[in-house]
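Text of model-v9.csv, listed as CSV, C-alpha atoms:
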```csv
chain,number,residue,atom,x,y,z
A,1,MET,CA,4.8,-2.8,-16.3
A,2,ASN,CA,1.2,-1.5,-15.8
A,3,ARG,CA,1.0,1.9,-14.1
A,4,ARG,CA,-1.7,0.7,-11.6
A,5,PHE,CA,0.5,-2.3,-10.7
A,6,ALA,CA,3.5,-0.1,-10.1
A,7,VAL,CA,1.6,2.4,-7.9
A,8,GLY,CA,0.0,-0.6,-6.0
A,9,LEU,CA,3.4,-2.1,-5.4
A,10,ALA,CA,4.8,1.2,-4.1
A,11,ALA,CA,1.7,1.8,-1.9
A,12,THR,CA,1.9,-1.7,-0.5
A,13,CYS,CA,5.5,-1.3,0.4
A,14,LEU,CA,4.9,2.1,1.9
A,15,GLY,CA,2.0,0.8,3.9
A,16,LEU,CA,3.9,-2.2,5.3
A,17,VAL,CA,6.8,0.1,6.3
A,18,GLY,CA,4.4,2.5,7.9
A,19,TYR,CA,2.6,-0.3,9.8
A,20,GLY,CA,5.9,-1.7,11.0
A,21,LEU,CA,7.1,1.7,12.2
A,22,GLY,CA,3.7,2.2,13.9
A,23,THR,CA,4.1,-0.9,16.0
A,24,GLU,CA,7.4,0.4,17.4
A,25,VAL,CA,6.8,4.2,17.6
A,26,ALA,CA,3.6,6.1,18.1
A,27,TYR,CA,3.3,8.8,15.5
A,28,PRO,CA,0.4,10.9,14.2
A,29,GLY,CA,-1.4,9.4,11.3
A,30,ARG,CA,-0.1,5.8,11.8
A,31,SER,CA,-3.6,4.4,11.2
A,32,PHE,CA,-3.4,5.8,7.7
A,33,SER,CA,-0.8,3.1,6.9
A,34,ILE,CA,-3.5,0.5,7.0
A,35,THR,CA,-5.6,2.5,4.5
A,36,VAL,CA,-2.5,2.8,2.2
A,37,LEU,CA,-1.9,-0.9,2.5
A,38,MET,CA,-5.5,-1.8,1.5
A,39,ILE,CA,-5.4,0.6,-1.4
A,40,GLY,CA,-2.0,-0.8,-2.5
A,41,VAL,CA,-3.2,-4.4,-2.4
A,42,THR,CA,-6.3,-3.4,-4.4
A,43,LEU,CA,-4.3,-1.7,-7.0
A,44,LEU,CA,-2.0,-4.7,-7.2
A,45,ALA,CA,-5.0,-7.0,-7.9
A,46,ILE,CA,-6.5,-4.6,-10.5
A,47,GLY,CA,-3.2,-3.8,-12.2
A,48,GLY,CA,-2.0,-7.4,-12.3
A,49,ARG,CA,-4.7,-8.5,-14.7
A,50,VAL,CA,-3.7,-9.1,-18.3
A,51,GLU,CA,-6.1,-7.3,-20.7
```
Let me see the structure of the file written as structure tokens.
Amino acid sequence: MNRRFAVGLAATCLGLVGYGLGTEVAYPGRSFSITVLMIGVTLLAIGGRVE
């Protein structure tokens, strides 16, 4: 598995969990979960390419 793909998958999952928690509970830094989610999806797209 490509390292970028693995980091992207982990970041996407973490961002989704953070976003889900942010809709239920207000916590400091919850808007950062959207940034992590966007970075994760980008890394998934970049890491998923076969070179």
Rounded to one decimal in Å, what is the spacing between atom CA of Tyr27 of chain A and atom CA of Ala11 of chain A?
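The value is 18.8 Å.
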Which value, in Å to one decimal, gives the distance between atom CA of Leu9 of chain A and atom CA of Thr23 of chain A?
21.4 Å
Up to 7 Å from (-3.1, -2.5, -14.2) in the file's coordinates: name the residues, counting all atoms listed in the file, as a VMD selection string.
chain A and resid 2 to 5 46 to 49
Which residues, written as a PDB file with C-alpha atoms, keeping the file's coordinate frame, have at least one atom at most 10 Å from Cys13 of chain A, with only C-alpha atoms counted and residues fewer than 3 positions away on the same chain left out?
```pdb
ATOM      1  CA  VAL A   7       1.600   2.400  -7.900  1.00  0.00           C
ATOM      2  CA  GLY A   8       0.000  -0.600  -6.000  1.00  0.00           C
ATOM      3  CA  LEU A   9       3.400  -2.100  -5.400  1.00  0.00           C
ATOM      4  CA  ALA A  10       4.800   1.200  -4.100  1.00  0.00           C
ATOM      5  CA  LEU A  16       3.900  -2.200   5.300  1.00  0.00           C
ATOM      6  CA  VAL A  17       6.800   0.100   6.300  1.00  0.00           C
ATOM      7  CA  GLY A  18       4.400   2.500   7.900  1.00  0.00           C
ATOM      8  CA  TYR A  19       2.600  -0.300   9.800  1.00  0.00           C
ATOM      9  CA  VAL A  36      -2.500   2.800   2.200  1.00  0.00           C
ATOM     10  CA  LEU A  37      -1.900  -0.900   2.500  1.00  0.00           C
ATOM     11  CA  GLY A  40      -2.000  -0.800  -2.500  1.00  0.00           C
ATOM     12  CA  VAL A  41      -3.200  -4.400  -2.400  1.00  0.00           C
TER      13      VAL A  41
END
```
The residues within 10 Å of (-3.1, 0.4, 8.3), using only C-alpha atoms and the coordinates of the file, should be reported as a list in words; which are they?
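Every residue inside that radius is included here: Gly15, Leu16, Gly18, Tyr19, Gly20, Gly22, Gly29, Arg30, Ser31, Phe32, Ser33, Ile34, Thr35, Val36, Leu37, Met38 and Ile39 of chain A.
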Show me that you can extract segment 4-51 of chain A, keeping N, CA and C atoms, and write it as a short mmCIF file (atom, residue, chain, number, x, y, z; two decimals), in the first residue's frame.
```cif
data_model
loop_
_atom_site.label_atom_id
_atom_site.label_comp_id
_atom_site.auth_asym_id
_atom_site.auth_seq_id
_atom_site.Cartn_x
_atom_site.Cartn_y
_atom_site.Cartn_z
N ARG A 4 1.26 7.47 0.97
CA ARG A 4 0.33 8.61 0.86
C ARG A 4 -1.11 8.15 0.95
N PHE A 5 -1.40 7.02 0.33
CA PHE A 5 -2.76 6.48 0.38
C PHE A 5 -3.13 6.10 1.81
N ALA A 6 -2.22 5.48 2.53
CA ALA A 6 -2.50 5.07 3.91
C ALA A 6 -2.70 6.27 4.82
N VAL A 7 -1.86 7.30 4.65
CA VAL A 7 -2.03 8.52 5.46
C VAL A 7 -3.33 9.22 5.08
N GLY A 8 -3.66 9.23 3.81
CA GLY A 8 -4.92 9.83 3.36
C GLY A 8 -6.13 9.11 3.91
N LEU A 9 -6.06 7.79 3.94
CA LEU A 9 -7.17 7.01 4.49
C LEU A 9 -7.35 7.28 5.98
N ALA A 10 -6.23 7.33 6.71
CA ALA A 10 -6.29 7.62 8.14
C ALA A 10 -6.81 9.03 8.40
N ALA A 11 -6.34 10.00 7.62
CA ALA A 11 -6.78 11.38 7.81
C ALA A 11 -8.26 11.54 7.46
N THR A 12 -8.71 10.86 6.42
CA THR A 12 -10.12 10.92 6.05
C THR A 12 -11.00 10.35 7.14
N CYS A 13 -10.62 9.22 7.67
CA CYS A 13 -11.39 8.61 8.76
C CYS A 13 -11.39 9.50 10.00
N LEU A 14 -10.24 10.05 10.33
CA LEU A 14 -10.14 10.94 11.49
C LEU A 14 -10.98 12.20 11.29
N GLY A 15 -10.95 12.75 10.09
CA GLY A 15 -11.75 13.93 9.78
C GLY A 15 -13.24 13.66 9.85
N LEU A 16 -13.66 12.50 9.37
CA LEU A 16 -15.08 12.14 9.44
C LEU A 16 -15.55 11.96 10.88
N VAL A 17 -14.73 11.32 11.68
CA VAL A 17 -15.07 11.13 13.09
C VAL A 17 -15.12 12.48 13.81
N GLY A 18 -14.13 13.33 13.53
CA GLY A 18 -14.11 14.66 14.14
C GLY A 18 -15.30 15.50 13.73
N TYR A 19 -15.69 15.41 12.46
CA TYR A 19 -16.86 16.14 11.99
C TYR A 19 -18.13 15.62 12.65
N GLY A 20 -18.24 14.31 12.75
CA GLY A 20 -19.41 13.72 13.40
C GLY A 20 -19.53 14.12 14.86
N LEU A 21 -18.41 14.10 15.55
CA LEU A 21 -18.42 14.54 16.94
C LEU A 21 -18.72 16.03 17.05
N GLY A 22 -18.25 16.81 16.10
CA GLY A 22 -18.48 18.25 16.11
C GLY A 22 -19.94 18.62 15.91
N THR A 23 -20.71 17.75 15.25
CA THR A 23 -22.13 18.04 15.09
C THR A 23 -22.91 17.76 16.37
N GLU A 24 -22.36 16.95 17.24
CA GLU A 24 -23.05 16.60 18.49
C GLU A 24 -22.54 17.42 19.68
N VAL A 25 -21.23 17.64 19.75
CA VAL A 25 -20.61 18.29 20.90
C VAL A 25 -19.73 19.43 20.41
N ALA A 26 -19.90 20.59 21.02
CA ALA A 26 -19.03 21.72 20.67
C ALA A 26 -17.70 21.56 21.41
N TYR A 27 -16.60 21.51 20.65
CA TYR A 27 -15.29 21.41 21.26
C TYR A 27 -14.32 22.32 20.51
N PRO A 28 -13.29 22.80 21.18
CA PRO A 28 -12.34 23.70 20.52
C PRO A 28 -11.63 23.00 19.36
N GLY A 29 -11.51 23.69 18.26
CA GLY A 29 -10.80 23.13 17.11
C GLY A 29 -11.64 22.23 16.23
N ARG A 30 -12.94 22.22 16.41
CA ARG A 30 -13.77 21.30 15.61
C ARG A 30 -13.77 21.65 14.14
N SER A 31 -13.54 22.91 13.79
CA SER A 31 -13.48 23.29 12.37
C SER A 31 -12.24 22.70 11.70
N PHE A 32 -11.24 22.33 12.47
CA PHE A 32 -10.03 21.72 11.93
C PHE A 32 -10.33 20.36 11.31
N SER A 33 -11.41 19.71 11.74
CA SER A 33 -11.75 18.40 11.20
C SER A 33 -12.08 18.49 9.70
N ILE A 34 -12.66 19.61 9.26
CA ILE A 34 -12.94 19.79 7.84
C ILE A 34 -11.63 19.89 7.06
N THR A 35 -10.65 20.59 7.63
CA THR A 35 -9.35 20.71 6.97
C THR A 35 -8.68 19.35 6.86
N VAL A 36 -8.73 18.57 7.93
CA VAL A 36 -8.14 17.22 7.92
C VAL A 36 -8.85 16.34 6.90
N LEU A 37 -10.15 16.48 6.81
CA LEU A 37 -10.92 15.70 5.84
C LEU A 37 -10.52 16.06 4.41
N MET A 38 -10.36 17.34 4.11
CA MET A 38 -9.96 17.75 2.76
C MET A 38 -8.55 17.28 2.42
N ILE A 39 -7.65 17.35 3.38
CA ILE A 39 -6.28 16.87 3.15
C ILE A 39 -6.29 15.36 2.94
N GLY A 40 -7.10 14.65 3.73
CA GLY A 40 -7.18 13.20 3.58
C GLY A 40 -7.70 12.77 2.22
N VAL A 41 -8.74 13.44 1.74
CA VAL A 41 -9.29 13.10 0.43
C VAL A 41 -8.28 13.40 -0.67
N THR A 42 -7.56 14.50 -0.52
CA THR A 42 -6.52 14.84 -1.50
C THR A 42 -5.42 13.79 -1.53
N LEU A 43 -4.97 13.37 -0.35
CA LEU A 43 -3.93 12.34 -0.30
C LEU A 43 -4.43 11.00 -0.84
N LEU A 44 -5.70 10.70 -0.62
CA LEU A 44 -6.27 9.47 -1.20
C LEU A 44 -6.22 9.54 -2.73
N ALA A 45 -6.56 10.68 -3.28
CA ALA A 45 -6.55 10.83 -4.73
C ALA A 45 -5.14 10.75 -5.29
N ILE A 46 -4.20 11.38 -4.62
CA ILE A 46 -2.82 11.37 -5.10
C ILE A 46 -2.19 9.98 -4.90
N GLY A 47 -2.42 9.39 -3.75
CA GLY A 47 -1.80 8.10 -3.43
C GLY A 47 -2.42 6.93 -4.14
N GLY A 48 -3.62 7.09 -4.66
CA GLY A 48 -4.31 6.00 -5.33
C GLY A 48 -3.87 5.76 -6.76
N ARG A 49 -3.07 6.69 -7.29
CA ARG A 49 -2.62 6.54 -8.68
C ARG A 49 -1.55 5.46 -8.78
N VAL A 50 -1.62 4.70 -9.84
CA VAL A 50 -0.60 3.69 -10.10
C VAL A 50 0.47 4.34 -10.97
N GLU A 51 1.70 4.30 -10.52
CA GLU A 51 2.78 4.93 -11.27
C GLU A 51 3.63 3.92 -11.97
#
```
